[in-house]
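Q: Right, I'll just put the structure down here and ask away after.
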Amino acid sequence: MAVDADILANLAAVRERVDAACMAAGRAPDEVGLLLATKTQPAARIAAAVAAGARLIGENRVQELAEKDAELTALADGRPFERHFIGHLQSNKVNQVLRYVSCVQSVDGVELADRLQRRLEALDRTLDVLVQVNTSGEASKYGAAPADAVAVVQEVARRDRLRVRGLMTIGLQSPDEAAVRASYRALRELRDHAADTVGAGLPVLSMGMSGDLEAAVAEGATLVRIGSAVFGARPRTP
Ligand SMILES: *Cc1c(COP(=O)(O)O)cnc(C)c1O
């Protein structure tokens with residue numbers, strides 16, 4: 001797979017933004033990782049990003065994971081990459097998703113946790129998960145309500161096949177920077193509360209996208225999820 005000059009330059013520019021945001025926040029740049037959100041991108045574009053140095057890929061739909069898997073694996077040509085699931089996971093897709101991902105970032109309640117636990121028992125394996133929280137309160141967004149988030153983390157932590165590593169949020173989509181930052185601060189505060197409650201470290205805060213990664217890094221993000229800043233604008237999906 002040849003290196004795509006645009007993807008290489010875009011990845012470098014995003015990494016520079018993350019590094020600058022870390023400096024501004026008095027954080028070490030290596031505290032913040034980059035996940036590429038690759039929904040609607042063909043396997044060849046994702047493989048180009050892997051060739052340019054990307055190592056972590058996030059998909060929103062099980063169908064896309066399945067459709068791109070063989071081609072992506074072939075084009076990656078032995079370069080290592082990992083996939084996380086970052087979309088809404090329907091219970092009937094649990095069996096399938098486990099074939100492709102090392103982490104489900106979108107666990108939003110006990111029912112999904114139970115489904116995953118049962119399937120993982122059958123496969124005799126474990127899975128990293130994040131609990132997704134709907135910090136913006138928008139009805140269109142998935143995730144546990146902030147008021148329920150700590151209890152959901154507690155429930156997930158009781159299931160021995162699930163290793164809860166932290167929290168994820170999509171955050172508020174708004175031009176009001178202070179409000180966006182408040183939604184990310186809310187996730188960090190919930191994480192701190194949940195970590196105290198379950199008595200475990202919850203190191204991962206997956207938050208921040210192309211338009212607002214600086215706000216997320218300022219509030220403690222350890223993983224930003226970037227799509228359009230690397231791949232360009234997506235066609236509008238219905
Ligand atoms: C698409 C997507 C992103 C990335 O969004 P961009 O604005 O394109 O960077 C991050 N997280 C999730 C869950 C997404 O679906």
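Residues in the structure tokens are numbered from 1 in each chain, the chains being A, B, ... in the order shown, and ligands are numbered from 1 in the order shown.
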Neighbouring residues of ligand 1 are defined here as those with any atom at most 6 Å from a ligand atom, counting only C-alpha atoms and all ligand atoms; list them as a VMD selection string.

A: chain A and resid 37 60 86 to 87 209 to 211 225 to 229

Q: Could the residues in this selection be saved with C-alpha atoms as a PDB file, in the first residue's frame?

A:
```pdb
ATOM      1  CA  ALA A  37     -12.929   7.154  12.927  1.00  0.00           C
ATOM      2  CA  ASN A  60     -19.493   2.547  13.924  1.00  0.00           C
ATOM      3  CA  ILE A  86     -17.465   3.175  18.547  1.00  0.00           C
ATOM      4  CA  GLY A  87     -21.076   3.056  17.311  1.00  0.00           C
ATOM      5  CA  MET A 209     -13.279  14.820  17.548  1.00  0.00           C
ATOM      6  CA  SER A 210     -11.913  16.804  14.580  1.00  0.00           C
ATOM      7  CA  GLY A 211     -13.645  20.031  15.536  1.00  0.00           C
ATOM      8  CA  ARG A 225     -11.424  10.059  17.801  1.00  0.00           C
ATOM      9  CA  ILE A 226     -10.664  11.758  14.498  1.00  0.00           C
ATOM     10  CA  GLY A 227     -12.437  11.318  11.155  1.00  0.00           C
ATOM     11  CA  SER A 228     -12.853  14.310   8.860  1.00  0.00           C
ATOM     12  CA  ALA A 229      -9.601  16.081   9.818  1.00  0.00           C
TER      13      ALA A 229
END
```

Q: Name all residues at most 8 Å from A:Leu190 (count only C-alpha atoms; drop same-chain ones fewer than 6 positions away) and give them as a PyMOL selection string.

A: chain A and resi 146+149-150

Q: Among stretch 40-214 of chain A, which ones does DSSP place in strand (DSSP E or B), written as a PyMOL selection string?

A: chain A and resi 56-59+82-85+103-107+127-133+144+162-168+204-206

Q: Can you work out which one of A:Gly199, A:Gly166, A:Gly232, A:Gly171 has the shortest atom-to-atom distance to A:Leu11, counting only C-alpha atoms?

A: A:Gly232

Q: List as a PyMOL selection string the protein and nucleic acid residues near A:Ala215, meaning an atom at most 8 Å away when only C-alpha atoms are counted, but skip any in the same chain fewer than 2 places from it.

A: chain A and resi 177+180-181+184+208+212-213+217-219

Q: Those same residues - N, CA and C atoms - I'd like them written as an mmCIF file, in the first residue's frame.

A:
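Below is the file that was written, part08.cif:
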```
data_model
loop_
_atom_site.group_PDB
_atom_site.id
_atom_site.type_symbol
_atom_site.label_atom_id
_atom_site.label_comp_id
_atom_site.auth_asym_id
_atom_site.auth_seq_id
_atom_site.Cartn_x
_atom_site.Cartn_y
_atom_site.Cartn_z
ATOM 1 N N GLU A 177 -17.936 27.129 22.846
ATOM 2 C CA GLU A 177 -16.771 26.371 23.319
ATOM 3 C C GLU A 177 -16.856 26.021 24.802
ATOM 4 N N VAL A 180 -19.143 23.058 25.225
ATOM 5 C CA VAL A 180 -18.502 21.822 24.753
ATOM 6 C C VAL A 180 -17.516 21.329 25.816
ATOM 7 N N ARG A 181 -16.730 22.278 26.319
ATOM 8 C CA ARG A 181 -15.728 21.903 27.324
ATOM 9 C C ARG A 181 -16.397 21.381 28.585
ATOM 10 N N TYR A 184 -17.155 17.755 28.286
ATOM 11 C CA TYR A 184 -15.984 16.902 28.475
ATOM 12 C C TYR A 184 -15.541 16.873 29.944
ATOM 13 N N GLY A 208 -13.423 13.873 22.230
ATOM 14 C CA GLY A 208 -12.810 14.835 21.325
ATOM 15 C C GLY A 208 -12.809 14.319 19.909
ATOM 16 N N ASP A 212 -13.139 19.620 17.869
ATOM 17 C CA ASP A 212 -13.059 20.090 19.265
ATOM 18 C C ASP A 212 -12.031 19.325 20.097
ATOM 19 N N LEU A 213 -11.034 18.757 19.432
ATOM 20 C CA LEU A 213 -10.084 17.937 20.201
ATOM 21 C C LEU A 213 -9.344 18.762 21.252
ATOM 22 N N VAL A 217 -8.783 17.586 25.081
ATOM 23 C CA VAL A 217 -7.449 17.381 25.666
ATOM 24 C C VAL A 217 -7.293 18.251 26.910
ATOM 25 N N ALA A 218 -7.810 19.473 26.854
ATOM 26 C CA ALA A 218 -7.721 20.364 28.017
ATOM 27 C C ALA A 218 -8.440 19.764 29.219
ATOM 28 N N GLU A 219 -9.480 18.953 28.966
ATOM 29 C CA GLU A 219 -10.256 18.360 30.058
ATOM 30 C C GLU A 219 -9.822 16.939 30.399
#
```

Q: Name all residues at most 6 Å from A:Arg83 (count only C-alpha atoms; drop same-chain ones fewer than 4 positions away) and give them as a list in words.

A: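 That gives Leu56, Ile57, Gly58 and Val101 of chain A.
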
Q: With only C-alpha atoms as the atoms that count, which of A:Leu65, A:Val14, A:Ala76, A:Ala157 lies nearest to A:Ala44?

A: A:Ala76

Q: Please provide the set of residues having any atom within 10 Å of stretch 136-141 of chain A, restricted to only C-alpha atoms, with same-chain residues fewer than 6 positions apart removed, written as a VMD selection string.

A: chain A and resid 88 169 to 174 179 to 180 182 to 184 186

Q: Using only C-alpha atoms, pick whichever of A:Ala21, A:Pro80, A:Asp160, A:Val97 has the shortest atom-to-atom distance to A:Ala66.

A: A:Val97

Q: I need the residue nearest A:Leu202 from this list: A:Leu130, A:Ala221, A:Ala147, A:Ala25. Use only C-alpha atoms for the distance.

A: A:Leu130

Q: Compare A:His84, A:His193, A:Asp114, A:Leu36 by their minimum atom-to-atom distance to A:Asn10, counting only C-alpha atoms, and give me the closest one.

A: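 When distances to A:Asn10 are compared using only C-alpha atoms, the smallest one comes from A:Leu36.
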
Q: Would you kindly return, as number ranges by chain, each protein, DNA or RNA residue with an atom no farther than 6 Å from any atom of A:Val129, considering only C-alpha atoms and excluding same-chain residues fewer than 3 positions away?

A: A: 103-105, 163-164

Q: Which value, in Å to one decimal, gives the distance between atom CA of A:Val32 and atom CA of A:Leu223?

A: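 Atom CA of A:Leu223 lies at a distance of 5.4 Å from atom CA of A:Val32.
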
Q: So which one's closest to A:Asn95, A:Ala51, A:Ile7, A:Leu123, A:Ala144? Using only C-alpha atoms, please.

A: A:Leu123
